[in-house]
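Trainee: My structure file work.txt, compact mmCIF, C-alpha atoms, is below:
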# COMPACT_ATOMS: atom_id res chain seq x y z
CA MET I 247 9.42 -48.19 -43.19
CA THR I 248 8.02 -49.38 -46.51
CA PRO I 249 6.32 -47.00 -48.97
CA ARG I 250 2.99 -48.63 -48.21
CA THR I 251 3.39 -48.12 -44.47
CA PHE I 252 4.41 -44.55 -45.15
CA LEU I 253 1.28 -43.86 -47.17
CA SER I 254 -0.79 -45.57 -44.48
CA LEU I 255 0.65 -43.17 -41.94
CA ILE I 256 -0.31 -40.20 -44.06
CA ALA I 257 -3.78 -41.61 -44.45
CA MET I 258 -4.00 -41.94 -40.69
CA LEU I 259 -2.79 -38.42 -40.23
CA ALA I 260 -5.34 -37.09 -42.63
CA LEU I 261 -7.95 -38.96 -40.62
CA MET I 262 -9.06 -40.75 -43.71
CA ALA I 263 -9.71 -44.46 -43.59
CA VAL I 264 -7.91 -45.91 -46.57
CA PRO I 265 -8.86 -49.52 -47.29
CA LEU I 266 -5.74 -51.61 -47.30
CA SER I 267 -4.90 -53.62 -50.36
CA PRO I 268 -4.86 -57.42 -50.08
CA ALA I 269 -1.08 -57.34 -50.35
CA THR I 270 -0.79 -55.47 -47.08
CA ALA I 271 -3.68 -57.08 -45.32
CA GLN I 272 -2.49 -60.63 -45.84
CA ASP I 273 0.31 -62.11 -43.77
CA ALA I 274 3.76 -62.03 -45.31
CA PRO I 275 4.39 -65.37 -47.09
CA VAL I 276 6.77 -67.78 -45.41
CA ILE I 277 9.80 -68.43 -47.62
CA ASP I 278 12.21 -71.33 -47.36
CA ARG I 279 15.73 -69.85 -47.59
CA SER I 280 17.64 -73.02 -46.69
CA ALA I 281 19.00 -73.28 -50.25
CA THR I 282 20.70 -69.87 -49.97
CA GLY I 283 21.87 -70.32 -46.41
CA GLY I 284 19.33 -67.73 -45.19
CA ALA I 285 20.11 -65.12 -47.83
CA THR I 286 17.68 -63.57 -50.33
CA THR I 287 16.07 -66.06 -52.70
CA LEU I 288 14.59 -65.71 -56.17
CA GLU I 289 11.16 -66.00 -54.54
CA ASP I 290 11.92 -62.96 -52.35
CA ILE I 291 12.82 -60.93 -55.42
CA LEU I 292 9.78 -62.03 -57.39
CA LEU I 293 7.42 -61.25 -54.52
CA ARG I 294 8.99 -57.83 -54.08
CA GLN I 295 8.57 -57.14 -57.79
CA GLN I 296 4.88 -57.97 -57.44
CA GLY I 297 4.58 -55.47 -54.60
CA ILE I 298 3.91 -58.19 -52.03
CA LYS I 299 5.25 -57.48 -48.58
CA VAL I 300 8.06 -59.80 -47.52
CA ASP I 301 9.23 -60.10 -43.94
CA ASN I 302 12.77 -58.70 -44.16
CA THR I 303 13.96 -59.57 -40.66
CA TYR I 304 16.23 -62.22 -42.21
CA ARG I 305 18.21 -59.33 -43.73
CA ARG I 306 17.59 -56.73 -41.05
CA ASP I 307 19.00 -58.99 -38.32
CA ALA I 308 21.86 -60.38 -40.42
CA THR I 309 24.41 -57.94 -39.06
CA GLY I 310 26.94 -60.54 -37.92
CA ASN I 311 27.84 -62.07 -34.60
CA PRO I 312 31.56 -61.85 -33.79
CA GLU I 313 31.22 -64.46 -31.05
CA LEU I 314 30.06 -67.12 -33.49
CA ALA I 315 32.16 -65.97 -36.43
CA ALA I 316 35.09 -67.92 -37.77
CA PRO I 317 38.48 -66.68 -36.48
CA ILE I 318 40.39 -64.30 -38.72
CA GLN I 319 43.05 -66.89 -39.53
CA ASP I 320 40.43 -69.34 -40.87
CA GLN I 321 39.47 -69.49 -44.52
CA LEU I 322 36.10 -67.75 -43.95
CA GLY I 323 37.26 -65.57 -41.07
CA THR I 324 36.47 -61.85 -41.18
CA LEU I 325 38.01 -58.80 -39.54
CA GLY I 326 36.12 -58.17 -36.29
CA GLY I 327 33.94 -61.20 -36.93
CA VAL I 328 31.65 -59.26 -39.23
CA SER I 329 31.66 -59.49 -43.02
CA GLN I 330 31.33 -56.48 -45.30
CA SER I 331 27.81 -57.45 -46.34
CA GLU I 332 26.82 -57.69 -42.67
CA ASP I 333 28.31 -54.25 -42.07
CA TRP I 334 26.23 -52.92 -44.95
CA GLN I 335 23.07 -54.52 -43.56
CA ALA I 336 23.66 -52.68 -40.28
CA LEU I 337 24.15 -49.40 -42.14
CA ARG I 338 21.11 -50.11 -44.32
CA TYR I 339 18.83 -50.65 -41.32
CA ASN I 340 20.42 -48.05 -39.03
CA THR I 341 21.66 -50.49 -36.42
CA ALA I 342 25.34 -49.76 -37.06
CA ASP I 343 27.26 -47.92 -34.36
CA VAL I 344 28.05 -44.77 -36.32
CA THR I 345 30.13 -41.87 -35.06
CA VAL I 346 29.94 -38.52 -36.85
CA SER I 347 31.40 -35.11 -36.13
CA SER I 348 28.31 -33.16 -37.23
CA ARG I 349 25.90 -32.04 -34.51
CA VAL I 350 22.79 -32.80 -36.57
CA PRO I 351 21.00 -35.84 -35.15
CA ALA I 352 20.14 -37.00 -38.66
CA ALA I 353 23.83 -37.17 -39.58
CA GLU I 354 24.05 -40.54 -37.81
CA VAL I 355 21.46 -41.99 -40.16
CA ILE I 356 23.46 -43.25 -43.12
CA MET I 357 20.53 -44.70 -45.04
CA GLN I 358 16.80 -44.07 -44.73
CA ASP I 359 14.23 -45.59 -47.03
CA SER I 360 11.19 -43.38 -46.44
CA GLY I 361 12.51 -40.63 -48.71
CA MET I 362 11.31 -42.14 -51.96
CA ALA I 363 7.80 -42.76 -50.62
CA TRP I 364 7.73 -39.19 -49.31
CA GLN I 365 8.88 -37.78 -52.63
CA LYS I 366 6.32 -39.84 -54.53
CA PHE I 367 3.50 -38.76 -52.25
CA ARG I 368 4.63 -35.13 -52.36
CA SER I 369 4.82 -34.94 -56.14
CA GLY I 370 1.81 -37.22 -56.69
CA PRO I 371 -1.34 -37.39 -54.56
CA LEU I 372 -0.47 -34.33 -52.48
CA LEU I 373 -0.20 -32.00 -55.45
CA THR I 374 -3.01 -33.64 -57.41
CA TYR I 375 -5.65 -33.74 -54.67
CA GLY I 376 -4.46 -30.52 -53.05
CA GLY I 377 -4.56 -28.69 -56.36
CA TRP I 378 -8.02 -30.01 -57.19
CA LEU I 379 -9.28 -29.08 -53.74
CA LEU I 380 -8.28 -25.45 -54.26
CA ALA I 381 -9.52 -25.37 -57.85
CA GLY I 382 -12.78 -27.04 -56.77
CA MET I 383 -13.36 -24.51 -54.01
CA LEU I 384 -12.73 -21.60 -56.39
CA GLY I 385 -15.10 -23.20 -58.90
CA LEU I 386 -17.80 -23.60 -56.23
CA LEU I 387 -17.47 -19.97 -55.22
CA VAL I 388 -17.74 -18.78 -58.82
CA LEU I 389 -20.81 -21.01 -59.25
CA PHE I 390 -22.30 -19.66 -56.01
CA TYR I 391 -21.72 -16.11 -57.21
CA LEU I 392 -23.32 -16.84 -60.58
CA VAL I 393 -26.39 -18.46 -58.99
CA ARG I 394 -26.89 -16.34 -55.88
CA GLY I 395 -25.13 -13.16 -56.85
CA ARG I 396 -23.87 -10.74 -54.25
CA ILE I 397 -25.72 -11.04 -50.95
CA ARG I 398 -27.15 -7.57 -50.60
CA ILE I 399 -28.64 -5.75 -47.65
CA ASP I 400 -32.40 -6.33 -48.01
CA GLY I 401 -33.59 -3.25 -46.10
CA GLU I 402 -32.77 0.41 -46.55
CA LEU I 403 -29.39 1.51 -45.22
CA SER I 404 -29.96 3.44 -41.99
CA GLY I 405 -26.95 5.70 -42.34
CA ARG I 406 -26.17 5.07 -38.68
CA LYS I 407 -22.84 3.33 -38.07
CA ILE I 408 -22.09 0.94 -35.26
CA LEU I 409 -18.65 -0.24 -34.13
CA ARG I 410 -18.32 -3.94 -34.86
CA PHE I 411 -14.63 -4.57 -34.26
CA PRO I 412 -12.32 -2.19 -32.32
CA ALA I 413 -8.92 -1.31 -33.79
CA VAL I 414 -6.99 -3.88 -31.75
CA GLU I 415 -9.20 -6.74 -32.95
CA ARG I 416 -8.93 -5.55 -36.55
CA PHE I 417 -5.16 -5.38 -36.14
CA ALA I 418 -5.06 -8.97 -34.87
CA HIS I 419 -7.28 -10.13 -37.74
CA TRP I 420 -5.11 -8.46 -40.38
CA LEU I 421 -1.91 -9.68 -38.75
CA LEU I 422 -3.24 -13.21 -39.08
CA ALA I 423 -4.86 -12.69 -42.48
CA GLY I 424 -1.96 -10.83 -44.08
CA SER I 425 0.61 -13.34 -42.92
CA PHE I 426 -1.65 -16.21 -43.97
CA VAL I 427 -1.94 -14.89 -47.53
CA VAL I 428 1.83 -14.42 -47.77
CA LEU I 429 2.46 -17.89 -46.30
CA GLY I 430 -0.12 -19.44 -48.62
CA ILE I 431 1.38 -17.90 -51.77
CA THR I 432 5.01 -18.64 -50.84
CA GLY I 433 4.09 -22.15 -49.68
CA LEU I 434 2.32 -22.94 -52.95
CA ILE I 435 5.29 -21.56 -54.90
CA GLN I 436 7.61 -23.95 -53.01
CA LEU I 437 5.25 -26.87 -53.54
CA PHE I 438 4.20 -26.35 -57.16
CA GLY I 439 7.21 -24.39 -58.43
CA ARG I 440 9.08 -27.34 -59.91
CA TYR I 441 6.08 -28.46 -61.93
CA PHE I 442 4.40 -25.21 -62.96
CA ILE I 443 6.74 -22.25 -62.56
CA ILE I 444 10.09 -23.65 -63.74
CA PRO I 445 8.61 -24.66 -67.14
CA LEU I 446 7.40 -21.06 -67.52
CA ILE I 447 10.36 -18.99 -66.31
CA GLY I 448 13.25 -21.45 -66.22
CA HIS I 449 15.53 -22.69 -63.43
CA GLU I 450 17.73 -19.58 -63.31
CA THR I 451 14.84 -17.21 -62.71
CA TYR I 452 12.98 -19.56 -60.40
CA ALA I 453 15.96 -20.16 -58.08
CA PRO I 454 16.04 -16.64 -56.51
CA VAL I 455 12.22 -16.66 -56.35
CA ALA I 456 12.30 -19.94 -54.42
CA ILE I 457 15.06 -18.75 -52.10
CA ALA I 458 13.25 -15.47 -51.39
CA GLY I 459 9.98 -17.36 -50.95
CA LYS I 460 11.58 -19.69 -48.42
CA TRP I 461 12.99 -16.75 -46.43
CA VAL I 462 9.63 -15.00 -46.44
CA HIS I 463 7.75 -18.21 -45.55
CA ASN I 464 10.07 -19.04 -42.64
CA ASN I 465 10.09 -15.58 -41.12
CA VAL I 466 6.53 -14.40 -41.74
CA SER I 467 5.35 -17.52 -39.90
CA TRP I 468 6.08 -15.79 -36.57
CA ALA I 469 3.59 -13.01 -37.32
CA PHE I 470 1.04 -15.68 -38.20
CA MET I 471 1.53 -17.42 -34.85
CA VAL I 472 1.28 -14.14 -32.93
CA GLY I 473 -1.89 -13.23 -34.86
CA LEU I 474 -3.35 -16.66 -34.17
CA VAL I 475 -2.82 -16.32 -30.42
CA LEU I 476 -4.28 -12.79 -30.39
CA VAL I 477 -7.36 -13.79 -32.38
CA THR I 478 -7.89 -16.80 -30.12
CA VAL I 479 -7.74 -14.63 -26.99
CA PHE I 480 -10.01 -11.92 -28.40
CA TRP I 481 -12.73 -14.08 -29.92
CA ILE I 482 -12.84 -17.51 -28.31
CA ALA I 483 -15.53 -16.52 -25.80
CA HIS I 484 -17.75 -15.21 -28.62
CA ASN I 485 -17.38 -18.43 -30.57
CA ILE I 486 -18.71 -20.90 -28.04
CA PRO I 487 -21.67 -22.62 -29.73
CA ASN I 488 -25.19 -21.74 -28.56
CA LYS I 489 -28.79 -22.65 -29.44
CA HIS I 490 -29.04 -19.89 -32.05
CA ASP I 491 -26.38 -21.63 -34.13
CA LEU I 492 -28.71 -24.55 -34.85
CA LYS I 493 -31.41 -22.16 -36.12
CA TRP I 494 -28.81 -20.39 -38.24
CA LEU I 495 -27.56 -23.65 -39.71
CA ALA I 496 -31.12 -24.93 -40.31
CA VAL I 497 -31.75 -22.11 -42.80
CA GLY I 498 -28.22 -22.11 -44.19
CA GLY I 499 -27.63 -18.74 -42.59
CA GLY I 500 -29.89 -17.18 -45.21
CA LEU I 501 -27.00 -17.41 -47.65
CA PHE I 502 -29.02 -19.30 -50.22
CA SER I 503 -32.26 -17.29 -50.17
CA LYS I 504 -33.12 -13.63 -50.10
CA GLY I 505 -34.93 -12.11 -47.13
CA VAL I 506 -33.91 -14.85 -44.67
CA HIS I 507 -32.06 -13.49 -41.65
CA PRO I 508 -31.61 -15.97 -38.81
CA PRO I 509 -30.73 -14.34 -35.48
CA ALA I 510 -27.07 -14.35 -34.47
CA LYS I 511 -24.88 -12.84 -31.80
CA LYS I 512 -21.46 -11.32 -32.52
CA PHE I 513 -20.55 -14.35 -34.63
CA ASN I 514 -23.02 -16.53 -36.50
CA ALA I 515 -22.67 -20.31 -36.82
CA GLY I 516 -20.86 -20.01 -40.16
CA GLN I 517 -18.31 -17.64 -38.71
CA LYS I 518 -17.91 -19.92 -35.71
CA LEU I 519 -17.14 -22.82 -38.03
CA ILE I 520 -14.50 -20.70 -39.75
CA PHE I 521 -13.12 -19.59 -36.38
CA TRP I 522 -12.74 -23.12 -35.02
CA ALA I 523 -11.28 -24.33 -38.30
CA VAL I 524 -8.72 -21.52 -38.11
CA ILE I 525 -7.87 -22.38 -34.51
CA VAL I 526 -7.52 -26.14 -35.04
CA LEU I 527 -5.77 -25.94 -38.40
CA GLY I 528 -3.78 -22.87 -37.35
CA PHE I 529 -2.27 -24.46 -34.24
CA SER I 530 -1.70 -27.75 -36.07
CA ILE I 531 0.08 -26.07 -38.98
CA SER I 532 2.10 -23.99 -36.50
CA ALA I 533 3.24 -27.16 -34.70
CA SER I 534 4.39 -28.85 -37.90
CA GLY I 535 5.84 -25.53 -39.08
CA LEU I 536 7.95 -25.21 -35.94
CA SER I 537 9.12 -28.78 -36.46
CA LEU I 538 10.24 -27.79 -39.96
CA LEU I 539 11.75 -24.47 -38.83
CA PHE I 540 14.04 -26.26 -36.38
CA PRO I 541 14.97 -29.41 -38.32
CA PHE I 542 15.29 -32.58 -36.22
CA GLU I 543 14.94 -30.60 -32.98
CA LEU I 544 11.18 -30.87 -32.49
CA PRO I 545 10.05 -34.30 -33.67
CA MET I 546 6.34 -34.73 -33.07
CA PHE I 547 5.07 -37.75 -34.96
CA ALA I 548 6.53 -40.66 -33.00
CA VAL I 549 5.07 -39.14 -29.82
CA THR I 550 1.72 -38.54 -31.53
CA PHE I 551 1.64 -42.09 -32.90
CA GLU I 552 2.35 -43.45 -29.43
CA LYS I 553 -0.65 -41.56 -28.05
CA LEU I 554 -2.87 -42.60 -30.98
CA ASN I 555 -1.86 -46.24 -30.50
CA ALA I 556 -2.73 -46.00 -26.81
CA LEU I 557 -6.17 -44.66 -27.74
CA GLY I 558 -6.58 -47.49 -30.25
CA LEU I 559 -7.56 -45.18 -33.12
CA PRO I 560 -5.23 -46.57 -35.83
CA GLN I 561 -6.21 -50.12 -34.89
CA LEU I 562 -9.88 -49.12 -35.12
CA ILE I 563 -9.56 -48.21 -38.80
CA GLY I 564 -7.41 -51.21 -39.67
CA LEU I 565 -3.98 -49.57 -39.84
CA GLY I 566 -2.61 -51.58 -36.96
CA GLU I 567 -0.16 -50.01 -34.55
CA LEU I 568 1.68 -47.04 -36.00
CA PRO I 569 5.49 -47.05 -35.68
CA THR I 570 6.71 -45.23 -32.61
CA THR I 571 10.37 -45.28 -33.62
CA LEU I 572 10.93 -43.00 -36.59
CA ALA I 573 14.16 -41.96 -38.24
CA PRO I 574 14.82 -38.20 -37.95
CA HIS I 575 14.28 -37.90 -41.71
CA ALA I 576 10.92 -39.66 -41.50
CA GLU I 577 9.85 -37.19 -38.81
CA MET I 578 10.70 -34.29 -41.11
CA GLN I 579 9.01 -35.89 -44.10
CA LEU I 580 5.82 -36.48 -42.13
CA ALA I 581 5.94 -32.93 -40.78
CA GLN I 582 6.26 -31.56 -44.32
CA LEU I 583 3.37 -33.64 -45.64
CA TRP I 584 1.14 -32.86 -42.69
CA HIS I 585 2.01 -29.16 -43.04
CA ALA I 586 0.97 -29.23 -46.69
CA ILE I 587 -2.22 -31.27 -46.15
CA VAL I 588 -3.39 -28.90 -43.41
CA ALA I 589 -2.40 -25.93 -45.58
CA PHE I 590 -4.56 -27.11 -48.48
CA LEU I 591 -7.59 -27.52 -46.20
CA PHE I 592 -6.87 -24.19 -44.57
CA ILE I 593 -6.53 -22.31 -47.87
CA ALA I 594 -9.72 -23.87 -49.25
CA ILE I 595 -11.69 -22.76 -46.18
CA ILE I 596 -10.17 -19.28 -46.23
CA PHE I 597 -11.11 -18.89 -49.91
CA ALA I 598 -14.75 -19.08 -48.80
CA HIS I 599 -14.09 -16.65 -45.93
CA ILE I 600 -12.37 -14.13 -48.22
CA TYR I 601 -15.21 -14.39 -50.75
CA LEU I 602 -17.96 -13.74 -48.19
CA GLY I 603 -15.95 -11.01 -46.51
CA SER I 604 -15.41 -9.10 -49.74
CA VAL I 605 -17.34 -9.44 -53.03
CA GLY I 606 -19.78 -12.05 -51.75
CA MET I 607 -21.63 -9.91 -49.21
CA GLN I 608 -22.46 -6.23 -49.28
CA GLY I 609 -21.16 -4.39 -46.23
CA ALA I 610 -19.14 -7.29 -44.85
CA PHE I 611 -15.71 -5.79 -45.57
CA ASP I 612 -16.55 -2.64 -43.58
CA ALA I 613 -16.55 -4.69 -40.39
CA MET I 614 -12.81 -5.34 -40.83
CA GLY I 615 -12.02 -2.27 -42.93
CA SER I 616 -13.24 0.74 -41.00
CA GLY I 617 -14.56 -1.42 -38.17
CA GLU I 618 -18.01 0.15 -38.46
CA VAL I 619 -21.09 -1.33 -40.09
CA ASP I 620 -24.48 0.08 -40.98
CA GLU I 621 -27.15 -0.69 -38.39
CA GLN I 622 -29.32 -2.29 -41.05
CA TRP I 623 -26.49 -4.68 -41.99
CA ALA I 624 -26.03 -5.55 -38.31
CA LYS I 625 -29.80 -6.05 -37.91
CA GLU I 626 -29.93 -8.50 -40.81
CA HIS I 627 -26.76 -10.48 -40.07
CA HIS I 628 -26.22 -10.15 -36.32
CA GLY I 629 -29.59 -9.12 -34.90
CA LEU I 630 -29.00 -10.40 -31.36
CA TRP I 631 -25.60 -8.74 -31.19
CA LEU I 632 -27.10 -5.41 -32.33
CA ALA I 633 -29.76 -5.66 -29.63
CA GLU I 634 -27.07 -6.36 -27.01
CA VAL I 635 -24.97 -3.39 -28.15
CA LYS I 636 -28.00 -1.08 -28.14
CA ALA I 637 -29.07 -2.25 -24.69
CA LYS I 638 -25.55 -1.68 -23.38
CA SER I 639 -25.30 1.80 -24.84
CA ALA I 640 -28.77 2.70 -23.53
CA LYS I 641 -27.73 1.51 -20.07
CA SER I 642 -24.54 3.54 -20.12
CA ALA I 643 -26.45 6.60 -21.41
CA THR I 644 -28.93 6.42 -18.50
CA PRO I 645 -27.81 8.92 -15.83
CA ALA I 646 -26.98 7.44 -12.44
CA GLU I 647 -29.66 7.98 -9.79
CA MET L 283 -8.04 0.80 -42.68
CA LYS L 284 -5.17 2.02 -40.49
CA SER L 285 -5.29 -1.19 -38.48
CA MET L 286 -4.87 -3.22 -41.65
CA TRP L 287 -1.84 -1.29 -42.91
CA LEU L 288 -0.31 -1.27 -39.43
CA ALA L 289 -0.74 -5.05 -39.26
CA PHE L 290 0.90 -5.51 -42.67
CA LEU L 291 3.82 -3.33 -41.58
CA THR L 292 4.10 -5.37 -38.38
CA ILE L 293 4.28 -8.58 -40.41
CA ALA L 294 7.30 -7.22 -42.31
CA LEU L 295 8.93 -6.00 -39.11
CA VAL L 296 8.37 -9.28 -37.27
CA ALA L 297 9.84 -11.19 -40.22
CA VAL L 298 13.04 -9.14 -40.25
CA LEU L 299 13.36 -9.22 -36.47
CA ALA L 300 12.79 -13.00 -36.43
CA ASP L 301 15.50 -13.56 -39.00
CA VAL L 302 18.05 -11.33 -37.30
CA GLY L 303 17.05 -12.44 -33.80
CA LEU L 304 17.28 -16.16 -34.52
CA ASP L 305 20.67 -15.73 -36.16
CA TYR L 306 21.86 -13.68 -33.20
CA ALA L 307 20.56 -16.30 -30.76
CA GLY L 308 22.58 -19.02 -32.48
CA PHE L 309 19.84 -20.63 -34.53
CA SER L 310 21.33 -20.05 -37.97
CA SER L 311 21.76 -23.20 -40.05
CA GLN L 312 25.54 -22.98 -39.89
CA ASP L 313 25.50 -22.53 -36.13
CA VAL L 314 23.15 -25.46 -35.59
CA THR L 315 24.67 -27.92 -38.02
CA SER L 316 28.41 -27.45 -37.65
CA SER L 317 30.58 -29.01 -34.98
CA PRO L 318 32.40 -26.87 -32.38
CA SER L 319 35.68 -27.29 -34.23
CA VAL L 320 34.37 -25.47 -37.30
CA ARG L 321 35.21 -21.78 -37.62
CA LEU L 322 32.11 -20.14 -39.06
CA ASP L 323 33.33 -16.65 -39.90
What is this structure when it is put down as structure tokens?

Mentor:
Amino acid sequence: MTPRTFLSLIAMLALMAVPLSPATAQDAPVIDRSATGGATTLEDILLRQQGIKVDNTYRRDATGNPELAAPIQDQLGTLGGVSQSEDWQALRYNTADVTVSSRVPAAEVIMQDSGMAWQKFRSGPLLTYGGWLLAGMLGLLVLFYLVRGRIRIDGELSGRKILRFPAVERFAHWLLAGSFVVLGITGLIQLFGRYFIIPLIGHETYAPVAIAGKWVHNNVSWAFMVGLVLVTVFWIAHNIPNKHDLKWLAVGGGLFSKGVHPPAKKFNAGQKLIFWAVIVLGFSISASGLSLLFPFELPMFAVTFEKLNALGLPQLIGLGELPTTLAPHAEMQLAQLWHAIVAFLFIAIIFAHIYLGSVGMQGAFDAMGSGEVDEQWAKEHHGLWLAEVKAKSAKSATPAE
Amino acid sequence: MKSMWLAFLTIALVAVLADVGLDYAGFSSQDVTSSPSVRLD
């Protein structure tokens, strides 16, 4: 897998259509290798130096043929009918019959060439764009705060409290939220540590921090997955879109103007967007996380690519068919990159959620803190839900005939 | 706020149990990556 193919895969995974450069789009040039007896020519080397893709099957398939080889007693005869360079080609392209004593499936892969492309993407675009995404979201929230200020309750507080989330739902939320924050911090330390923390505190101090961070990240992930399942079970029915969501979205939920309070049930359209983002990103990051937790045991990309190819999605955006045979290392590299890409999106979205649930909106934290909110807050932000709760309590208070 | 603190405590407990449990179940790195002929302890 060439670096360019590797980056194309990432682009596909990120569901971003990356226009291919002419070098990839054009057919590989046909090279006459008769002068070298089929071996690499100067033209091959020059094209490679220019970044132009060269069909390497002439090397990939040159792994020797004992049946056609010269006998060992001849001048050009080789042991087993295969020369050393042919043996190396087989090792280079993973077609050699390798036997190892280690149980790890990846141990049989002697050479894999996707590592450099992975490392370059990880230390380049991933950190750059990911970092800017988080910084941009924080900047937007600060700007929003400066322009809009804290969203306050417009009416007078009633003093009457109403239960918004029972204890078990708050527990599930905090299980998910607490583990997410820990995972986010430890994940960012692992990702950015080499570039930002080591220059500050040095290798010796960073090493135990990284090791502890890895332990915490690996083991706290289970609480995150449990929290995710609980939250899904508790709230999925309340987050099915309805007609009120369109009205809510049409006025921006009243977030940008005072005195605007579109009707909403238990969750408004904005919260539903957050919920579905958490579900989709949460399960996706859990899948790639499990793949990373059990190295080489749960490969998921070759299978996914096979399904995507069958649907014709990669072909639709000009990537052609994605490879369905991936080296174990490539599976892990893709899982790591996908994990990080989803994490960046996830963290950026949760920044907005944390802001609105704390300093951004008066009374919002109470819903998840004590579980009770003032009736006036409920009336302004979840009017339809308040009416439903009141109707239910009135019904239960009515004595049976 | 009790729910929040209970959830945070649960996160810590789950983390420790996951670590110990996975090791006990044979999912430690040394268990997974060494051949049967290797004596681990």

Trainee: Residues at most 10 Å from L:Val296, counting all atoms listed in the file, excluding those fewer than 6 positions away in the same chain, as a PyMOL selection string?

Mentor: (chain I and resi 465-470+472) or (chain L and resi 290+302-303)

Trainee: I'd like to know which of I:Ala483, I:Ala458, I:Ala576, I:Ala533 is closest to I:Met362, using all atoms listed in the file.

Mentor: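 Of I:Ala483, I:Ala458, I:Ala576, I:Ala533, the one nearest I:Met362, counting all atoms listed in the file, is I:Ala576.
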
Trainee: As a short mmCIF file (atom, residue, chain, number, x, y, z; two decimals) with C-alpha atoms, in the coordinates of the input, please: the residues near I:Val497 (cut-off 8 Å, all atoms listed in the file, same-chain neighbours under 4 positions excluded).

Mentor:
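Final output, selection14.cif:
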data_model
loop_
_atom_site.label_atom_id
_atom_site.label_comp_id
_atom_site.auth_asym_id
_atom_site.auth_seq_id
_atom_site.Cartn_x
_atom_site.Cartn_y
_atom_site.Cartn_z
CA LYS I 493 -31.41 -22.16 -36.12
CA VAL I 506 -33.91 -14.85 -44.67
CA PRO I 508 -31.61 -15.97 -38.81
#

Trainee: If we count all atoms listed in the file, which residues of chain I reach to within 10 Å of chain L? Please list them as a PDB file with C-alpha atoms, in the frame of the given file.

Mentor:
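Okay, this is what ended up in out.pdb:
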ATOM      1  CA  VAL I 346      29.940 -38.520 -36.850  1.00  0.00           C
ATOM      2  CA  SER I 347      31.400 -35.110 -36.130  1.00  0.00           C
ATOM      3  CA  SER I 348      28.310 -33.160 -37.230  1.00  0.00           C
ATOM      4  CA  ARG I 349      25.900 -32.040 -34.510  1.00  0.00           C
ATOM      5  CA  VAL I 350      22.790 -32.800 -36.570  1.00  0.00           C
ATOM      6  CA  PRO I 351      21.000 -35.840 -35.150  1.00  0.00           C
ATOM      7  CA  ALA I 353      23.830 -37.170 -39.580  1.00  0.00           C
ATOM      8  CA  PRO I 412     -12.320  -2.190 -32.320  1.00  0.00           C
ATOM      9  CA  ALA I 413      -8.920  -1.310 -33.790  1.00  0.00           C
ATOM     10  CA  VAL I 414      -6.990  -3.880 -31.750  1.00  0.00           C
ATOM     11  CA  GLU I 415      -9.200  -6.740 -32.950  1.00  0.00           C
ATOM     12  CA  ARG I 416      -8.930  -5.550 -36.550  1.00  0.00           C
ATOM     13  CA  PHE I 417      -5.160  -5.380 -36.140  1.00  0.00           C
ATOM     14  CA  ALA I 418      -5.060  -8.970 -34.870  1.00  0.00           C
ATOM     15  CA  HIS I 419      -7.280 -10.130 -37.740  1.00  0.00           C
ATOM     16  CA  TRP I 420      -5.110  -8.460 -40.380  1.00  0.00           C
ATOM     17  CA  LEU I 421      -1.910  -9.680 -38.750  1.00  0.00           C
ATOM     18  CA  LEU I 422      -3.240 -13.210 -39.080  1.00  0.00           C
ATOM     19  CA  ALA I 423      -4.860 -12.690 -42.480  1.00  0.00           C
ATOM     20  CA  GLY I 424      -1.960 -10.830 -44.080  1.00  0.00           C
ATOM     21  CA  SER I 425       0.610 -13.340 -42.920  1.00  0.00           C
ATOM     22  CA  VAL I 428       1.830 -14.420 -47.770  1.00  0.00           C
ATOM     23  CA  TRP I 461      12.990 -16.750 -46.430  1.00  0.00           C
ATOM     24  CA  VAL I 462       9.630 -15.000 -46.440  1.00  0.00           C
ATOM     25  CA  HIS I 463       7.750 -18.210 -45.550  1.00  0.00           C
ATOM     26  CA  ASN I 464      10.070 -19.040 -42.640  1.00  0.00           C
ATOM     27  CA  ASN I 465      10.090 -15.580 -41.120  1.00  0.00           C
ATOM     28  CA  VAL I 466       6.530 -14.400 -41.740  1.00  0.00           C
ATOM     29  CA  SER I 467       5.350 -17.520 -39.900  1.00  0.00           C
ATOM     30  CA  TRP I 468       6.080 -15.790 -36.570  1.00  0.00           C
ATOM     31  CA  ALA I 469       3.590 -13.010 -37.320  1.00  0.00           C
ATOM     32  CA  PHE I 470       1.040 -15.680 -38.200  1.00  0.00           C
ATOM     33  CA  VAL I 472       1.280 -14.140 -32.930  1.00  0.00           C
ATOM     34  CA  GLY I 473      -1.890 -13.230 -34.860  1.00  0.00           C
ATOM     35  CA  LEU I 539      11.750 -24.470 -38.830  1.00  0.00           C
ATOM     36  CA  PHE I 540      14.040 -26.260 -36.380  1.00  0.00           C
ATOM     37  CA  PRO I 541      14.970 -29.410 -38.320  1.00  0.00           C
ATOM     38  CA  ASP I 612     -16.550  -2.640 -43.580  1.00  0.00           C
ATOM     39  CA  MET I 614     -12.810  -5.340 -40.830  1.00  0.00           C
ATOM     40  CA  GLY I 615     -12.020  -2.270 -42.930  1.00  0.00           C
ATOM     41  CA  SER I 616     -13.240   0.740 -41.000  1.00  0.00           C
ATOM     42  CA  GLY I 617     -14.560  -1.420 -38.170  1.00  0.00           C
TER      43      GLY I 617
END

Trainee: Just give me the gap between atom CA of I:Leu437 and atom CA of I:Leu373 in Å, one decimal is fine.

Mentor: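 Here the two named atoms are 7.7 Å from each other.
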
Trainee: Which value, in Å to one decimal, gives the distance between atom CA of I:Arg396 and atom CA of I:Gly606?

Mentor: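 Atom-to-atom, atom CA of I:Arg396 to atom CA of I:Gly606, that is 5.0 Å.
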